[in-house]
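> Below is a structure I'd like to ask you about.
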Amino acid sequence: MNKTMRIVAHLDMDAFFAAIEERDNPRFKGLPIVVGADPKSGAGRGVVSTANYKAREYGIHSAMPISTAWRLSEEARRKGGPAAVFMGVGMRRYGEVSGRVMAILRIHVPIVEEASVDEAYLDVSFTGSYEKAEALAKKIKQSISDKERLTASVGIGPNKLIAKIASGRHKPDGLTVVRGDEAEAFLAPLPIREIPGIGPKTEELFLKLGVRLVQDLKKYSKDEMREMLGKWGADLYEKVRGRDASPLVEEWEAKSIGEQETFEQDTKDLHFVTERLQALARTVVKRLGAGGFKTFRTVVLTVRFSDFETKTRSRTLETPTDSYETLEFETMKLLLPFFDKRENPRKKLIRLIGVRVEKLSKQ
Ligand code: TTP
Ligand code: MG
């Protein structure tokens with residue numbers, strides 16, 4: 001037995017926000033549940049945060065407009081199914097549950113990377129074998145179920161990449177083990193979008209080249225990958241072959257801080273949007289300080305039009321700053337073109353704006 005063999009587990013809670021609501025509201029047990037913005041009988045704005053698996057059977061999913069979720073629920077109801085229960089986001093409660101789940105993980109595993117509110121990577125190399133790692137994962141799942149009455153799905157593999165994809169294979173309440181020598185074959189038949197880091201743009205680029213599955217990517221040499229995608233291309237070359245050396249990052253740090261707002265009504269009122277932009281910028285600067293950061297250097301503005309077309313514009317400053325006035329000034333400069341033909345030739349109404357700062361520093 002190779003004692004230094006690396007084994008990584010990835011755990012992801014199932015339908016996390018919705019599962020907590022279902023647990024805490026027994027009268028909704030077994031019903032489709034949607035957590036997100038207020039649907040206002042179909043006129044609501046904003047999006048779905050998540051839906052439980054019953055609601056997913058109606059086609060409802062994360063990031064979908066809440067109005068669409070409402071329509072799908074109504075359709076299902078007309079066909080004789082139960083209407084979905086719509087609930088607001090109780091973030092504080094979810095944060096508390098997340099903290100308790102992470103604490104359970106730390107009882108069983110010394111090195112834990114909290115990757116998001118409901119997922120973590122676990123270094124389970126210390127178990128010494130895939131069999132023992134699997135037994136440990138069962139124990140952890142059981143413990144989360146006993147203590148929190150929630151289910152999680154776990155993937156086990158030779159690295160973070162494989163563990164992460166494996167955890168999503170048999171959701172909910174899944175446990176999927178992919179050994180080192182199975183990793184490459186495990187990835188080969190999957191759509192390339194399954195690889196974290198391949199977003200809609202990269203997917204589109206490759207689809208045009210007739211590349212749909214991970215195995216199709218193998219025809220490119222490392223140099224060709226690098227030519228197409230830069231440094232990330234070289235990483236992707238390795239990933240396609242099931243290899244990923246990235247370490248667990250125990251101390252996770254915010255890479256950006258952002259706030260956004262969906263307006264009650266789509267608008268082209270510059271005065272109103274400016275006011276909201278200033279409010280968002282103020283909150284961002286407050287959160288910057290609260291997060292222990294001193295400065296930011298990049299300013300990002302997101303604008304979504306009424307037809308959901310979304311544009312992101314950013315500017316990186318010469319010198320880092322902590323100034324609210326600078327943030328306001330720079331985001332205003334990015335915003336103004338959206339009120340004339342530079343960014344908005346068809347004079348579309350604005351539905352949402354977001355302000356974000358990046359390149360944060362604690363110095
Ligand atoms: P996910 O783990 O992506 O989703 P999930 O836990 O709801 O469902 P799954 O069983 O597929 O893992 O995200 C965790 C939580 O993060 C989710 O419960 C709600 C929140 N979230 C959003 O608010 N918006 C989003 O677009 C996504 C993807 C998640
Ligand atoms: Mg989840």
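By convention in this document, the chains of the structure tokens carry letters A, B, ... by their order, each chain's residues are numbered from 1, and ligands are numbered from 1 in the order they are shown.
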Using only C-alpha atoms and all ligand atoms, what table do you get, as CSV, when you list each residue of chain A with an atom no more than 8 Å from ligand 1, its nearest pair of atoms, and their distance in Å rounded to one decimal, rows by chain then rising number?


residue,atom,partner,partner_atom_place_in_ligand_line,distance
A:Asp12,CA,ligand 1,12 (O),5.7
A:Met13,CA,ligand 1,6 (O),5.1
A:Asp14,CA,ligand 1,10 (O),3.3
A:Ala15,CA,ligand 1,7 (O),3.2
A:Phe16,CA,ligand 1,18 (O),3.7
A:Phe17,CA,ligand 1,18 (O),4.0
A:Ala18,CA,ligand 1,18 (O),6.2
A:Ala19,CA,ligand 1,18 (O),7.8
A:Val35,CA,ligand 1,19 (C),7.8
A:Gly36,CA,ligand 1,23 (O),7.4
A:Val48,CA,ligand 1,24 (N),6.8
A:Ser49,CA,ligand 1,23 (O),3.6
A:Thr50,CA,ligand 1,19 (C),4.7
A:Ala51,CA,ligand 1,7 (O),6.3
A:Asn52,CA,ligand 1,7 (O),7.0
A:Tyr53,CA,ligand 1,10 (O),7.7
A:Ser62,CA,ligand 1,26 (O),4.5
A:Ala63,CA,ligand 1,26 (O),4.4
A:Ser116,CA,ligand 1,14 (C),7.5
A:Val117,CA,ligand 1,14 (C),6.5
A:Asp118,CA,ligand 1,14 (C),5.3
A:Glu119,CA,ligand 1,2 (O),6.7
A:Ala152,CA,ligand 1,10 (O),7.8
A:Ser153,CA,ligand 1,10 (O),7.8
A:Gly168,CA,ligand 1,11 (O),7.3
A:Lys171,CA,ligand 1,10 (O),6.2
A:Pro172,CA,ligand 1,10 (O),5.9

> Taking 5 positions as the minimum chain separation for residues in the same chain, which residues sit within 9 Å of Tyr58 in chain A when counting only C-alpha atoms? Answer as a list of chain:residue names.

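The contact residues come out as A:Pro32, A:Ala69, A:Leu72, A:Ser73, A:Glu75, A:Ala76.
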
> Need to verify the contact set: Leu248 in chain A, 8 Å, only C-alpha atoms, exclusion of same-chain residues closer than 4 positions in sequence. Can you return it as a list in words?

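Counting only the stated atoms, we get Ile111, Val112, Glu113, Tyr121, Leu122, Asp123 and Lys160 of chain A.
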
> Which residues are near Thr319 in chain A? Cut-off 10 Å, only C-alpha atoms, ignore same chain within fewer than 5 positions. Put them as a list in words.

Thr295, Phe296, Arg297 and Thr298 of chain A

> Now that the selection is made, can you save its residues with all heavy atoms as a tab-separated table (two decimals), in the first residue's frame?


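So the final result, stored in selection_13.tsv, reads:
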chain	number	residue	atom	x	y	z
A	295	THR	N	-7.75	47.89	1.24
A	295	THR	CA	-7.90	48.56	-0.06
A	295	THR	C	-8.42	47.62	-1.15
A	295	THR	O	-8.39	46.41	-1.01
A	295	THR	CB	-6.54	49.10	-0.56
A	295	THR	OG1	-5.65	47.99	-0.69
A	295	THR	CG2	-5.97	50.12	0.39
A	296	PHE	N	-8.88	48.28	-2.23
A	296	PHE	CA	-9.22	47.55	-3.45
A	296	PHE	C	-8.55	48.28	-4.61
A	296	PHE	O	-8.12	49.44	-4.46
A	296	PHE	CB	-10.74	47.51	-3.67
A	296	PHE	CG	-11.38	48.86	-3.75
A	296	PHE	CD1	-11.49	49.52	-4.97
A	296	PHE	CD2	-11.88	49.48	-2.61
A	296	PHE	CE1	-12.08	50.77	-5.05
A	296	PHE	CE2	-12.47	50.75	-2.68
A	296	PHE	CZ	-12.58	51.39	-3.90
A	297	ARG	N	-8.44	47.60	-5.75
A	297	ARG	CA	-7.80	48.25	-6.89
A	297	ARG	C	-8.67	48.15	-8.15
A	297	ARG	O	-8.53	48.95	-9.06
A	297	ARG	CB	-6.42	47.63	-7.14
A	297	ARG	CG	-5.46	48.59	-7.85
A	297	ARG	CD	-4.03	48.24	-7.54
A	297	ARG	NE	-3.54	47.13	-8.35
A	297	ARG	CZ	-3.11	47.24	-9.60
A	297	ARG	NH1	-3.13	48.41	-10.20
A	297	ARG	NH2	-2.67	46.19	-10.25
A	298	THR	N	-9.54	47.15	-8.18
A	298	THR	CA	-10.40	47.01	-9.37
A	298	THR	C	-11.86	47.27	-8.99
A	298	THR	O	-12.33	46.81	-7.95
A	298	THR	CB	-10.25	45.61	-9.98
A	298	THR	OG1	-8.90	45.44	-10.39
A	298	THR	CG2	-11.16	45.42	-11.17

> I need the residues in range 74-153 of chain A that are helix (DSSP H, G or I) according to DSSP; give them as number ranges by chain.

A: 74-78, 91-108, 125-127, 130-148

> Write to file, as a short mmCIF file (atom, residue, chain, number, x, y, z; two decimals), in the first residue's frame, the residues of the selection just made, with N, CA and C atoms.


data_model
loop_
_atom_site.label_atom_id
_atom_site.label_comp_id
_atom_site.auth_asym_id
_atom_site.auth_seq_id
_atom_site.Cartn_x
_atom_site.Cartn_y
_atom_site.Cartn_z
N GLU A 74 -47.39 26.82 -11.49
CA GLU A 74 -48.80 26.92 -11.88
C GLU A 74 -49.16 25.85 -12.91
N GLU A 75 -48.24 25.65 -13.87
CA GLU A 75 -48.47 24.60 -14.88
C GLU A 75 -48.62 23.24 -14.22
N ALA A 76 -47.75 22.94 -13.28
CA ALA A 76 -47.78 21.65 -12.59
C ALA A 76 -49.09 21.51 -11.81
N ARG A 77 -49.51 22.63 -11.22
CA ARG A 77 -50.73 22.61 -10.42
C ARG A 77 -51.94 22.31 -11.31
N ARG A 78 -51.95 22.92 -12.48
CA ARG A 78 -53.06 22.67 -13.42
C ARG A 78 -53.10 21.21 -13.86
N MET A 91 -30.93 33.78 5.24
CA MET A 91 -29.49 33.57 5.17
C MET A 91 -28.82 33.34 6.52
N ARG A 92 -29.28 34.04 7.55
CA ARG A 92 -28.61 33.88 8.85
C ARG A 92 -28.71 32.46 9.35
N ARG A 93 -29.92 31.90 9.23
CA ARG A 93 -30.13 30.52 9.66
C ARG A 93 -29.27 29.55 8.84
N TYR A 94 -29.21 29.78 7.53
CA TYR A 94 -28.42 28.87 6.70
C TYR A 94 -26.94 28.96 7.09
N GLY A 95 -26.51 30.19 7.42
CA GLY A 95 -25.12 30.38 7.83
C GLY A 95 -24.81 29.61 9.11
N GLU A 96 -25.78 29.60 10.03
CA GLU A 96 -25.57 28.86 11.28
C GLU A 96 -25.47 27.36 11.02
N VAL A 97 -26.38 26.86 10.18
CA VAL A 97 -26.35 25.43 9.85
C VAL A 97 -25.02 25.09 9.18
N SER A 98 -24.60 25.96 8.26
CA SER A 98 -23.33 25.75 7.56
C SER A 98 -22.19 25.62 8.57
N GLY A 99 -22.16 26.52 9.54
CA GLY A 99 -21.11 26.49 10.56
C GLY A 99 -21.11 25.17 11.33
N ARG A 100 -22.30 24.67 11.65
CA ARG A 100 -22.38 23.41 12.40
C ARG A 100 -21.95 22.22 11.54
N VAL A 101 -22.32 22.25 10.25
CA VAL A 101 -21.89 21.17 9.36
C VAL A 101 -20.36 21.16 9.24
N MET A 102 -19.78 22.35 9.06
CA MET A 102 -18.32 22.44 8.93
C MET A 102 -17.66 21.92 10.21
N ALA A 103 -18.26 22.21 11.35
CA ALA A 103 -17.69 21.74 12.63
C ALA A 103 -17.72 20.21 12.68
N ILE A 104 -18.78 19.60 12.16
CA ILE A 104 -18.85 18.13 12.12
C ILE A 104 -17.70 17.59 11.26
N LEU A 105 -17.47 18.23 10.13
CA LEU A 105 -16.39 17.78 9.24
C LEU A 105 -15.04 17.83 9.96
N ARG A 106 -14.84 18.90 10.73
CA ARG A 106 -13.55 19.08 11.41
C ARG A 106 -13.34 18.07 12.54
N ILE A 107 -14.43 17.48 13.05
CA ILE A 107 -14.27 16.42 14.05
C ILE A 107 -13.60 15.20 13.41
N HIS A 108 -13.93 14.96 12.15
CA HIS A 108 -13.49 13.74 11.49
C HIS A 108 -12.21 13.90 10.66
N SER A 125 -6.35 11.76 2.87
CA SER A 125 -5.18 10.92 2.57
C SER A 125 -4.79 10.09 3.78
N PHE A 126 -4.99 10.65 4.98
CA PHE A 126 -4.57 9.95 6.21
C PHE A 126 -5.25 8.60 6.39
N THR A 127 -6.39 8.38 5.73
CA THR A 127 -7.05 7.09 5.89
C THR A 127 -6.22 5.97 5.24
N TYR A 130 -8.73 3.88 -0.40
CA TYR A 130 -10.06 4.32 -0.86
C TYR A 130 -11.17 3.66 -0.04
N GLU A 131 -10.95 2.39 0.38
CA GLU A 131 -11.97 1.70 1.19
C GLU A 131 -12.19 2.46 2.50
N LYS A 132 -11.08 2.81 3.15
CA LYS A 132 -11.22 3.50 4.44
C LYS A 132 -11.76 4.92 4.25
N ALA A 133 -11.38 5.56 3.16
CA ALA A 133 -11.91 6.89 2.89
C ALA A 133 -13.42 6.82 2.69
N GLU A 134 -13.86 5.76 2.00
CA GLU A 134 -15.30 5.59 1.77
C GLU A 134 -16.04 5.35 3.08
N ALA A 135 -15.46 4.53 3.94
CA ALA A 135 -16.08 4.25 5.24
C ALA A 135 -16.18 5.54 6.05
N LEU A 136 -15.13 6.35 6.00
CA LEU A 136 -15.15 7.62 6.73
C LEU A 136 -16.25 8.54 6.18
N ALA A 137 -16.38 8.58 4.86
CA ALA A 137 -17.40 9.43 4.25
C ALA A 137 -18.80 8.99 4.70
N LYS A 138 -19.01 7.68 4.79
CA LYS A 138 -20.32 7.19 5.26
C LYS A 138 -20.58 7.67 6.67
N LYS A 139 -19.53 7.59 7.49
CA LYS A 139 -19.66 8.01 8.88
C LYS A 139 -20.00 9.50 8.97
N ILE A 140 -19.35 10.30 8.15
CA ILE A 140 -19.60 11.75 8.17
C ILE A 140 -21.03 12.04 7.70
N LYS A 141 -21.46 11.37 6.64
CA LYS A 141 -22.83 11.57 6.15
C LYS A 141 -23.84 11.20 7.24
N GLN A 142 -23.58 10.09 7.93
CA GLN A 142 -24.47 9.64 8.99
C GLN A 142 -24.52 10.67 10.11
N SER A 143 -23.36 11.21 10.44
CA SER A 143 -23.30 12.17 11.53
C SER A 143 -24.07 13.45 11.18
N ILE A 144 -23.95 13.91 9.92
CA ILE A 144 -24.70 15.10 9.49
C ILE A 144 -26.20 14.81 9.54
N SER A 145 -26.55 13.59 9.13
CA SER A 145 -27.96 13.21 9.16
C SER A 145 -28.49 13.13 10.60
N ASP A 146 -27.71 12.54 11.52
CA ASP A 146 -28.13 12.43 12.92
C ASP A 146 -28.26 13.80 13.58
N LYS A 147 -27.23 14.63 13.38
CA LYS A 147 -27.19 15.89 14.11
C LYS A 147 -27.99 17.00 13.46
N GLU A 148 -28.08 17.00 12.13
CA GLU A 148 -28.74 18.12 11.45
C GLU A 148 -29.95 17.71 10.62
#

> From the list A:Lys222, A:Arg212, A:Lys164, A:Lys54, which residue is nearest ligand 2 when using only C-alpha atoms and all ligand atoms?

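Ranked by minimum distance to ligand 2, first place goes to A:Lys164.
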
> Which parts of range 125-301 of chain A does DSSP call strand (DSSP E or B) when run on the backbone here, written out as number ranges by chain?

A: 152-157, 175-177, 191, 213, 256-267, 295-301

> Keeping only N, CA and C atoms, write those residues as a PDB file, in the first residue's frame.


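And here is the file that came out, part_1.pdb:
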ATOM      1  N   ALA A 152     -26.187  14.977   2.498  1.00  0.00           N
ATOM      2  CA  ALA A 152     -25.082  15.537   1.723  1.00  0.00           C
ATOM      3  C   ALA A 152     -24.661  14.501   0.695  1.00  0.00           C
ATOM      4  N   SER A 153     -24.016  14.962  -0.365  1.00  0.00           N
ATOM      5  CA  SER A 153     -23.434  14.042  -1.338  1.00  0.00           C
ATOM      6  C   SER A 153     -21.922  14.196  -1.301  1.00  0.00           C
ATOM      7  N   VAL A 154     -21.233  13.074  -1.393  1.00  0.00           N
ATOM      8  CA  VAL A 154     -19.775  13.085  -1.281  1.00  0.00           C
ATOM      9  C   VAL A 154     -19.158  12.423  -2.498  1.00  0.00           C
ATOM     10  N   GLY A 155     -18.072  13.009  -2.963  1.00  0.00           N
ATOM     11  CA  GLY A 155     -17.255  12.399  -3.999  1.00  0.00           C
ATOM     12  C   GLY A 155     -15.864  12.175  -3.454  1.00  0.00           C
ATOM     13  N   ILE A 156     -15.256  11.059  -3.819  1.00  0.00           N
ATOM     14  CA  ILE A 156     -13.899  10.758  -3.364  1.00  0.00           C
ATOM     15  C   ILE A 156     -13.040  10.486  -4.589  1.00  0.00           C
ATOM     16  N   GLY A 157     -11.843  11.090  -4.610  1.00  0.00           N
ATOM     17  CA  GLY A 157     -10.976  10.905  -5.769  1.00  0.00           C
ATOM     18  C   GLY A 157      -9.540  11.238  -5.432  1.00  0.00           C
ATOM     19  N   LEU A 175     -22.837   8.908  -2.785  1.00  0.00           N
ATOM     20  CA  LEU A 175     -21.442   8.673  -2.390  1.00  0.00           C
ATOM     21  C   LEU A 175     -20.767   8.006  -3.583  1.00  0.00           C
ATOM     22  N   THR A 176     -19.833   8.708  -4.194  1.00  0.00           N
ATOM     23  CA  THR A 176     -19.216   8.225  -5.432  1.00  0.00           C
ATOM     24  C   THR A 176     -17.707   8.185  -5.266  1.00  0.00           C
ATOM     25  N   VAL A 177     -17.123   7.030  -5.509  1.00  0.00           N
ATOM     26  CA  VAL A 177     -15.673   6.875  -5.371  1.00  0.00           C
ATOM     27  C   VAL A 177     -15.055   6.670  -6.747  1.00  0.00           C
ATOM     28  N   PRO A 191     -19.650  15.924 -20.545  1.00  0.00           N
ATOM     29  CA  PRO A 191     -19.605  17.188 -21.295  1.00  0.00           C
ATOM     30  C   PRO A 191     -18.527  18.095 -20.683  1.00  0.00           C
ATOM     31  N   LEU A 213     -17.245  16.719 -25.587  1.00  0.00           N
ATOM     32  CA  LEU A 213     -16.943  15.872 -24.430  1.00  0.00           C
ATOM     33  C   LEU A 213     -15.493  16.049 -23.996  1.00  0.00           C
ATOM     34  N   SER A 256     -13.301  38.984  -3.878  1.00  0.00           N
ATOM     35  CA  SER A 256     -14.037  40.174  -4.289  1.00  0.00           C
ATOM     36  C   SER A 256     -15.177  40.400  -3.308  1.00  0.00           C
ATOM     37  N   ILE A 257     -15.658  41.620  -3.284  1.00  0.00           N
ATOM     38  CA  ILE A 257     -16.815  41.940  -2.457  1.00  0.00           C
ATOM     39  C   ILE A 257     -17.789  42.698  -3.335  1.00  0.00           C
ATOM     40  N   GLY A 258     -19.022  42.228  -3.374  1.00  0.00           N
ATOM     41  CA  GLY A 258     -19.963  42.872  -4.276  1.00  0.00           C
ATOM     42  C   GLY A 258     -21.382  42.897  -3.734  1.00  0.00           C
ATOM     43  N   GLU A 259     -22.154  43.812  -4.263  1.00  0.00           N
ATOM     44  CA  GLU A 259     -23.563  43.942  -3.910  1.00  0.00           C
ATOM     45  C   GLU A 259     -24.328  44.202  -5.195  1.00  0.00           C
ATOM     46  N   GLN A 260     -25.523  43.658  -5.289  1.00  0.00           N
ATOM     47  CA  GLN A 260     -26.339  43.996  -6.452  1.00  0.00           C
ATOM     48  C   GLN A 260     -27.787  44.185  -6.058  1.00  0.00           C
ATOM     49  N   GLU A 261     -28.523  44.814  -6.931  1.00  0.00           N
ATOM     50  CA  GLU A 261     -29.928  45.084  -6.627  1.00  0.00           C
ATOM     51  C   GLU A 261     -30.768  44.951  -7.888  1.00  0.00           C
ATOM     52  N   THR A 262     -31.851  44.185  -7.772  1.00  0.00           N
ATOM     53  CA  THR A 262     -32.845  44.126  -8.848  1.00  0.00           C
ATOM     54  C   THR A 262     -33.905  45.163  -8.515  1.00  0.00           C
ATOM     55  N   PHE A 263     -34.182  46.054  -9.441  1.00  0.00           N
ATOM     56  CA  PHE A 263     -35.151  47.114  -9.165  1.00  0.00           C
ATOM     57  C   PHE A 263     -36.576  46.569  -9.202  1.00  0.00           C
ATOM     58  N   GLU A 264     -37.448  47.234  -8.460  1.00  0.00           N
ATOM     59  CA  GLU A 264     -38.862  46.841  -8.470  1.00  0.00           C
ATOM     60  C   GLU A 264     -39.446  47.015  -9.868  1.00  0.00           C
ATOM     61  N   GLN A 265     -38.959  48.070 -10.567  1.00  0.00           N
ATOM     62  CA  GLN A 265     -39.398  48.286 -11.943  1.00  0.00           C
ATOM     63  C   GLN A 265     -38.195  48.589 -12.808  1.00  0.00           C
ATOM     64  N   ASP A 266     -38.197  48.073 -14.033  1.00  0.00           N
ATOM     65  CA  ASP A 266     -37.117  48.413 -14.954  1.00  0.00           C
ATOM     66  C   ASP A 266     -37.138  49.924 -15.164  1.00  0.00           C
ATOM     67  N   THR A 267     -35.944  50.493 -15.355  1.00  0.00           N
ATOM     68  CA  THR A 267     -35.887  51.956 -15.351  1.00  0.00           C
ATOM     69  C   THR A 267     -34.829  52.482 -16.304  1.00  0.00           C
ATOM     70  N   THR A 295      -7.752  47.890   1.238  1.00  0.00           N
ATOM     71  CA  THR A 295      -7.905  48.560  -0.061  1.00  0.00           C
ATOM     72  C   THR A 295      -8.423  47.623  -1.154  1.00  0.00           C
ATOM     73  N   PHE A 296      -8.884  48.281  -2.228  1.00  0.00           N
ATOM     74  CA  PHE A 296      -9.220  47.549  -3.449  1.00  0.00           C
ATOM     75  C   PHE A 296      -8.553  48.276  -4.606  1.00  0.00           C
ATOM     76  N   ARG A 297      -8.437  47.598  -5.750  1.00  0.00           N
ATOM     77  CA  ARG A 297      -7.804  48.253  -6.887  1.00  0.00           C
ATOM     78  C   ARG A 297      -8.671  48.155  -8.146  1.00  0.00           C
ATOM     79  N   THR A 298      -9.543  47.155  -8.181  1.00  0.00           N
ATOM     80  CA  THR A 298     -10.399  47.013  -9.368  1.00  0.00           C
ATOM     81  C   THR A 298     -11.857  47.271  -8.992  1.00  0.00           C
ATOM     82  N   VAL A 299     -12.525  48.000  -9.864  1.00  0.00           N
ATOM     83  CA  VAL A 299     -13.920  48.360  -9.676  1.00  0.00           C
ATOM     84  C   VAL A 299     -14.715  47.713 -10.797  1.00  0.00           C
ATOM     85  N   VAL A 300     -15.802  47.020 -10.448  1.00  0.00           N
ATOM     86  CA  VAL A 300     -16.583  46.322 -11.465  1.00  0.00           C
ATOM     87  C   VAL A 300     -18.047  46.755 -11.379  1.00  0.00           C
ATOM     88  N   LEU A 301     -18.605  47.081 -12.514  1.00  0.00           N
ATOM     89  CA  LEU A 301     -20.029  47.418 -12.581  1.00  0.00           C
ATOM     90  C   LEU A 301     -20.743  46.386 -13.448  1.00  0.00           C
TER      91      LEU A 301
END

> Just the number, please: distance in Å from CA of Gly174 in chain A to CA of Gly30 in chain A, one decimal.

19.2 Å

> Would you tabulate, counting only C-alpha atoms, all residues of range 107-166 of chain A that have an atom at most 10 Å from an atom of range 181-185 of chain A, showing the closest pair of atoms and their distance in Å to one decimal, sorted by chain then ascending number, as a Markdown table?


| residue | atom | partner | partner_atom | distance |
| --- | --- | --- | --- | --- |
| A:Gly157 | CA | A:Ala183 | CA | 7.6 |
| A:Pro158 | CA | A:Ala183 | CA | 7.7 |
| A:Asn159 | CA | A:Ala183 | CA | 9.4 |
| A:Leu161 | CA | A:Ala183 | CA | 9.6 |
| A:Ile162 | CA | A:Ala183 | CA | 6.8 |
| A:Ala163 | CA | A:Ala183 | CA | 9.7 |
| A:Ala166 | CA | A:Ala183 | CA | 9.9 |

> Which residue, A:Pro320, A:Gly46, A:Pro26, A:Gly80, has the smallest gap to Arg304 in chain A when you use only C-alpha atoms?

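So, comparing all the options, the nearest one is A:Gly46.
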
> Could you please determine the separation between CA of Thr4 in chain A and CA of Gly128 in chain A in Å, to one decimal place?

7.6 Å

> Please provide as a ChimeraX atom specification all residues within 10 Å of Arg276 in chain A, with the sequence filter that same-chain residues fewer than 4 positions apart are discarded (counting only C-alpha atoms).

/A:260-261,263,270-272,280-282,353-354

> Using only C-alpha atoms, determine which residues lie at most 9 Å from range 197-206 of chain A, disregarding the query and same-chain residues fewer than 5 positions distant; provide the list as a PyMOL selection string.

chain A and resi 192+211-212+217+229+232+236

> If we count only C-alpha atoms and set the cut-off at 12 Å, which residues sit around Asn344 in chain A, ignoring sequence neighbours fewer than 5 positions away in its own chain? Please answer as a list of chain:residue names.

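Contacts, with the query itself left out: A:Lys268, A:Val303, A:Arg304, A:Phe305, A:Ser306, A:Glu309, A:Thr310, A:Lys311, A:Leu335, A:Leu336, A:Pro337, A:Phe338, A:Phe339, A:Leu349, A:Ile350.
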
> Quick one: write out the picked residues with N, CA and C atoms as a PDB file, in the first residue's frame?


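And here is the file that came out, part.pdb:
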ATOM      1  N   LYS A 268     -35.017  53.751 -16.748  1.00  0.00           N
ATOM      2  CA  LYS A 268     -33.892  54.452 -17.396  1.00  0.00           C
ATOM      3  C   LYS A 268     -33.748  55.820 -16.752  1.00  0.00           C
ATOM      4  N   VAL A 303     -24.449  45.585 -15.277  1.00  0.00           N
ATOM      5  CA  VAL A 303     -25.762  46.133 -15.636  1.00  0.00           C
ATOM      6  C   VAL A 303     -26.545  45.049 -16.358  1.00  0.00           C
ATOM      7  N   ARG A 304     -27.750  44.802 -15.874  1.00  0.00           N
ATOM      8  CA  ARG A 304     -28.627  43.863 -16.585  1.00  0.00           C
ATOM      9  C   ARG A 304     -29.817  44.637 -17.128  1.00  0.00           C
ATOM     10  N   PHE A 305     -30.084  44.438 -18.422  1.00  0.00           N
ATOM     11  CA  PHE A 305     -31.220  45.100 -19.049  1.00  0.00           C
ATOM     12  C   PHE A 305     -32.499  44.292 -18.827  1.00  0.00           C
ATOM     13  N   SER A 306     -33.612  44.892 -19.215  1.00  0.00           N
ATOM     14  CA  SER A 306     -34.911  44.239 -18.995  1.00  0.00           C
ATOM     15  C   SER A 306     -35.006  42.912 -19.751  1.00  0.00           C
ATOM     16  N   GLU A 309     -30.138  40.752 -20.935  1.00  0.00           N
ATOM     17  CA  GLU A 309     -28.758  40.909 -21.415  1.00  0.00           C
ATOM     18  C   GLU A 309     -27.962  41.557 -20.287  1.00  0.00           C
ATOM     19  N   THR A 310     -26.784  41.015 -20.012  1.00  0.00           N
ATOM     20  CA  THR A 310     -26.027  41.479 -18.854  1.00  0.00           C
ATOM     21  C   THR A 310     -24.628  41.871 -19.296  1.00  0.00           C
ATOM     22  N   LYS A 311     -24.205  43.074 -18.913  1.00  0.00           N
ATOM     23  CA  LYS A 311     -22.871  43.535 -19.282  1.00  0.00           C
ATOM     24  C   LYS A 311     -22.065  43.858 -18.034  1.00  0.00           C
ATOM     25  N   LEU A 335     -20.974  53.617 -15.466  1.00  0.00           N
ATOM     26  CA  LEU A 335     -22.436  53.560 -15.630  1.00  0.00           C
ATOM     27  C   LEU A 335     -22.930  54.464 -16.772  1.00  0.00           C
ATOM     28  N   LEU A 336     -22.353  55.654 -16.887  1.00  0.00           N
ATOM     29  CA  LEU A 336     -22.919  56.659 -17.800  1.00  0.00           C
ATOM     30  C   LEU A 336     -23.129  56.151 -19.230  1.00  0.00           C
ATOM     31  N   PRO A 337     -22.176  55.390 -19.793  1.00  0.00           N
ATOM     32  CA  PRO A 337     -22.395  54.898 -21.168  1.00  0.00           C
ATOM     33  C   PRO A 337     -23.660  54.041 -21.328  1.00  0.00           C
ATOM     34  N   PHE A 338     -24.174  53.539 -20.206  1.00  0.00           N
ATOM     35  CA  PHE A 338     -25.400  52.737 -20.302  1.00  0.00           C
ATOM     36  C   PHE A 338     -26.636  53.617 -20.476  1.00  0.00           C
ATOM     37  N   PHE A 339     -26.421  54.932 -20.393  1.00  0.00           N
ATOM     38  CA  PHE A 339     -27.547  55.849 -20.577  1.00  0.00           C
ATOM     39  C   PHE A 339     -27.456  56.584 -21.913  1.00  0.00           C
ATOM     40  N   LEU A 349     -34.352  49.406 -21.014  1.00  0.00           N
ATOM     41  CA  LEU A 349     -34.494  49.713 -19.597  1.00  0.00           C
ATOM     42  C   LEU A 349     -33.537  48.850 -18.786  1.00  0.00           C
ATOM     43  N   ILE A 350     -33.171  49.354 -17.625  1.00  0.00           N
ATOM     44  CA  ILE A 350     -32.240  48.630 -16.759  1.00  0.00           C
ATOM     45  C   ILE A 350     -33.009  47.923 -15.648  1.00  0.00           C
TER      46      ILE A 350
END

> Smallest atom-to-atom distance to ligand 2: which of A:Asp322, A:Asp173, A:Asp269, A:Glu224, using only C-alpha atoms and all ligand atoms?

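Ranked by minimum distance to ligand 2, first place goes to A:Asp173.
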
> Please compute the CA of Gly59 in chain A-CA of Pro196 in chain A distance, one decimal, in Å.

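So the answer is 23.1 Å.
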